[in-house]
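See structure below.
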Amino acid sequence: MKKRLTMAILVMSIALAGHAQLVKFGLTAGGNINQMKLDKEVINEENFTGFFVGATIDIGLPLPGLSAEGSVLYDRRSVNVLGEDDHIDYIDVPLNAKYSIGLGSLGSIYGATGPQFSFNIGDDNIFNHKYELKSSAFSWNIGAGIKILKHIQLGYRYNIPISDTAETIEIKESFEEVKKGVKDKSGTHHIFLTYYF
């Protein structure tokens, strides 16, 4: 049984290595537009910008046009609620399945989707301790883009929040409608440029 399992793993590894001729490493940088949404009966603030930068790998898979793309990104999200500014710092790890359609020698277009794991590396509290940030968040990405001359990728991705990002822990007069314990989900639009070596 062990010999069969070892042989199966070896055969799969050789097959994947043969088809994964396009393993590319790259650098990614871009801007984001945050959507910080609390429960409907309270505030709904949108369109606050931030930036992200990090490393990306794209691994070709056995099916034509299909690849797996993963990144490790430092992500700073700026937020503003009722005139108060603050920011959130994350390490984001998006893991996307990507399908590309060739456009000849110039490049290709692609669509991508997959999970994203975000880990809070900044302060646990924002807005003078009115909101307590979760230590991690889970979300789902959908996106599309274009790859030019095999090295340059311009893309758009929307990050759909699944888990809560923060929770209110303090109330003041200007937040009189906000109830303690209100949950926040934070979705983000990303526009980015990746250079593959």
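Identifiers for the structure tokens are assigned positionally: chains receive A, B, ... in sequence, residues are indexed from 1 per chain, and ligands are indexed from 1 in the order shown.
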
Residue contacts of A:Lys98 (12 Å, only C-alpha atoms) excluding same-chain residues fewer than 4 positions away, as a PyMOL selection string
chain A and resi 57-61+63-70+94+108-114+141-147+155+157

Filtering to N, CA, C and O atoms, could you give me those residues as a compact mmCIF listing (two decimals), in the first residue's frame?
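Saved file result.txt follows:
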```txt
# COMPACT_ATOMS: atom_id res chain seq x y z
N ILE A 57 3.25 34.52 -7.08
CA ILE A 57 3.69 33.38 -7.87
C ILE A 57 2.52 32.88 -8.72
O ILE A 57 1.38 32.87 -8.26
N ASP A 58 2.79 32.53 -9.95
CA ASP A 58 1.79 31.98 -10.87
C ASP A 58 2.30 30.63 -11.36
O ASP A 58 3.40 30.54 -11.92
N ILE A 59 1.52 29.57 -11.12
CA ILE A 59 1.93 28.21 -11.47
C ILE A 59 0.98 27.65 -12.52
O ILE A 59 -0.21 27.50 -12.27
N GLY A 60 1.52 27.33 -13.70
CA GLY A 60 0.71 26.72 -14.74
C GLY A 60 0.23 25.34 -14.34
O GLY A 60 0.98 24.57 -13.73
N LEU A 61 -1.01 25.01 -14.67
CA LEU A 61 -1.61 23.72 -14.33
C LEU A 61 -1.81 22.88 -15.60
O LEU A 61 -1.73 23.42 -16.72
N LEU A 63 -4.29 21.80 -17.28
CA LEU A 63 -5.31 22.20 -18.25
C LEU A 63 -4.92 23.48 -18.95
O LEU A 63 -4.49 24.44 -18.30
N PRO A 64 -5.04 23.55 -20.28
CA PRO A 64 -4.64 24.75 -21.02
C PRO A 64 -5.36 26.00 -20.51
O PRO A 64 -6.56 26.01 -20.31
N GLY A 65 -4.60 27.05 -20.29
CA GLY A 65 -5.16 28.33 -19.85
C GLY A 65 -5.37 28.45 -18.36
O GLY A 65 -5.66 29.53 -17.85
N LEU A 66 -5.23 27.34 -17.60
CA LEU A 66 -5.52 27.36 -16.18
C LEU A 66 -4.23 27.45 -15.38
O LEU A 66 -3.24 26.77 -15.67
N SER A 67 -4.23 28.30 -14.35
CA SER A 67 -3.08 28.41 -13.46
C SER A 67 -3.55 28.72 -12.05
O SER A 67 -4.70 29.09 -11.83
N ALA A 68 -2.64 28.56 -11.11
CA ALA A 68 -2.90 28.91 -9.71
C ALA A 68 -2.02 30.09 -9.37
O ALA A 68 -0.81 30.08 -9.65
N GLU A 69 -2.62 31.13 -8.79
CA GLU A 69 -1.87 32.34 -8.47
C GLU A 69 -2.01 32.63 -6.98
O GLU A 69 -3.12 32.67 -6.45
N GLY A 70 -0.90 32.84 -6.32
CA GLY A 70 -0.91 33.17 -4.90
C GLY A 70 -0.01 34.37 -4.62
O GLY A 70 0.97 34.59 -5.33
N PRO A 94 -4.05 36.13 -0.87
CA PRO A 94 -5.04 35.66 -1.84
C PRO A 94 -4.53 34.44 -2.59
O PRO A 94 -3.37 34.39 -3.00
N SER A 108 -2.77 38.20 -23.13
CA SER A 108 -3.97 37.42 -22.85
C SER A 108 -4.87 38.18 -21.89
O SER A 108 -4.44 39.13 -21.24
N ILE A 109 -6.13 37.75 -21.82
CA ILE A 109 -7.05 38.25 -20.81
C ILE A 109 -7.36 37.10 -19.86
O ILE A 109 -7.23 35.93 -20.23
N TYR A 110 -7.74 37.42 -18.64
CA TYR A 110 -7.98 36.36 -17.68
C TYR A 110 -9.11 36.73 -16.72
O TYR A 110 -9.44 37.89 -16.53
N GLY A 111 -9.67 35.68 -16.11
CA GLY A 111 -10.60 35.82 -15.00
C GLY A 111 -10.05 35.00 -13.84
O GLY A 111 -9.36 33.99 -14.06
N ALA A 112 -10.31 35.43 -12.62
CA ALA A 112 -9.74 34.73 -11.46
C ALA A 112 -10.72 34.76 -10.30
O ALA A 112 -11.52 35.68 -10.15
N THR A 113 -10.64 33.73 -9.47
CA THR A 113 -11.45 33.67 -8.25
C THR A 113 -10.78 32.76 -7.23
O THR A 113 -10.05 31.84 -7.59
N GLY A 114 -11.04 33.05 -5.95
CA GLY A 114 -10.48 32.21 -4.91
C GLY A 114 -10.55 32.87 -3.55
O GLY A 114 -10.95 34.03 -3.42
N ASN A 141 -12.34 36.38 -3.44
CA ASN A 141 -11.99 37.29 -4.53
C ASN A 141 -12.63 36.89 -5.84
O ASN A 141 -12.74 35.70 -6.15
N ILE A 142 -13.05 37.88 -6.62
CA ILE A 142 -13.37 37.68 -8.03
C ILE A 142 -12.66 38.80 -8.78
O ILE A 142 -12.59 39.94 -8.30
N GLY A 143 -12.13 38.49 -9.93
CA GLY A 143 -11.39 39.52 -10.65
C GLY A 143 -11.14 39.17 -12.09
O GLY A 143 -11.47 38.09 -12.57
N ALA A 144 -10.54 40.12 -12.80
CA ALA A 144 -10.22 39.96 -14.22
C ALA A 144 -9.08 40.91 -14.55
O ALA A 144 -8.77 41.83 -13.78
N GLY A 145 -8.45 40.67 -15.70
CA GLY A 145 -7.37 41.55 -16.10
C GLY A 145 -6.79 41.17 -17.43
O GLY A 145 -7.32 40.33 -18.16
N ILE A 146 -5.67 41.80 -17.74
CA ILE A 146 -4.99 41.57 -19.01
C ILE A 146 -3.50 41.41 -18.73
O ILE A 146 -2.94 42.07 -17.85
N LYS A 147 -2.89 40.49 -19.48
CA LYS A 147 -1.45 40.29 -19.38
C LYS A 147 -0.82 40.70 -20.69
O LYS A 147 -1.29 40.30 -21.77
N GLY A 155 -4.64 44.27 -13.43
CA GLY A 155 -5.83 43.56 -12.99
C GLY A 155 -6.73 44.34 -12.06
O GLY A 155 -6.35 45.36 -11.49
N ARG A 157 -9.68 43.38 -8.91
CA ARG A 157 -10.20 42.31 -8.06
C ARG A 157 -11.14 42.91 -7.02
O ARG A 157 -10.84 43.96 -6.45
```

Report as an MDAnalysis selection string all protein, DNA and RNA residues lying within 6 Å of A:His87, evaluated on only C-alpha atoms, omitting residues in the same chain fewer than 2 positions from it.
chainID A and resid 77:79

Generate a file of the selected residues that holds N, CA, C and O atoms, formatted as a CSV table (one decimal), in the first residue's frame.
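See again35.csv below for the written result:
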```
chain,number,residue,atom,x,y,z
A,77,ARG,N,-5.2,49.8,4.6
A,77,ARG,CA,-6.5,50.3,4.3
A,77,ARG,C,-6.8,51.5,5.1
A,77,ARG,O,-6.8,51.5,6.3
A,78,SER,N,-7.1,52.6,4.4
A,78,SER,CA,-7.5,53.9,5.1
A,78,SER,C,-9.0,53.9,5.3
A,78,SER,O,-9.7,53.5,4.4
A,79,VAL,N,-9.4,54.3,6.4
A,79,VAL,CA,-10.9,54.4,6.7
A,79,VAL,C,-11.2,55.7,7.3
A,79,VAL,O,-10.4,56.4,8.0
```

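Using only C-alpha atoms, the smallest distance between any of A:Ser136, A:Thr188, A:Thr194, A:Asn159 and A:Phe117 comes from A:Ser136.
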
Rounded to one decimal place, report the atom CA of A:Gln116-atom CA of A:Asp92 distance in Å.
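Computing the Euclidean distance for atom CA of A:Gln116 and atom CA of A:Asp92 yields 6.9 Å.
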
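Straight-line separation from atom CA of A:Asp164 to atom CA of A:Leu193: 28.0 Å.
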
Could you tell me how far atom CA of A:Tyr196 sits from atom CA of A:Ser118, in Å to one decimal place?
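Going from atom CA of A:Ser118 over to atom CA of A:Tyr196, I get 23.3 Å.
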
Taking only C-alpha atoms into account, which of A:Thr28, A:Asn34, A:Ser100, A:Ser135 comes nearest A:Leu73?
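Going through A:Thr28, A:Asn34, A:Ser100, A:Ser135 one by one, the smallest distance to A:Leu73 is for A:Thr28.
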
Have a look at A:Lys134, A:Gly50, A:Ser71, A:Arg76 and name the one nearest to A:Asn96; count only C-alpha atoms.
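Closest residue, counting only C-alpha atoms: A:Ser71.
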
With DSSP run on the backbone, what are the strand (DSSP E) residues within stretch 87-159 of chain A? I'd like them as a VMD selection string.
chain A and resid 87 to 102 107 to 120 125 to 126 131 to 133 136 to 148 152 to 159
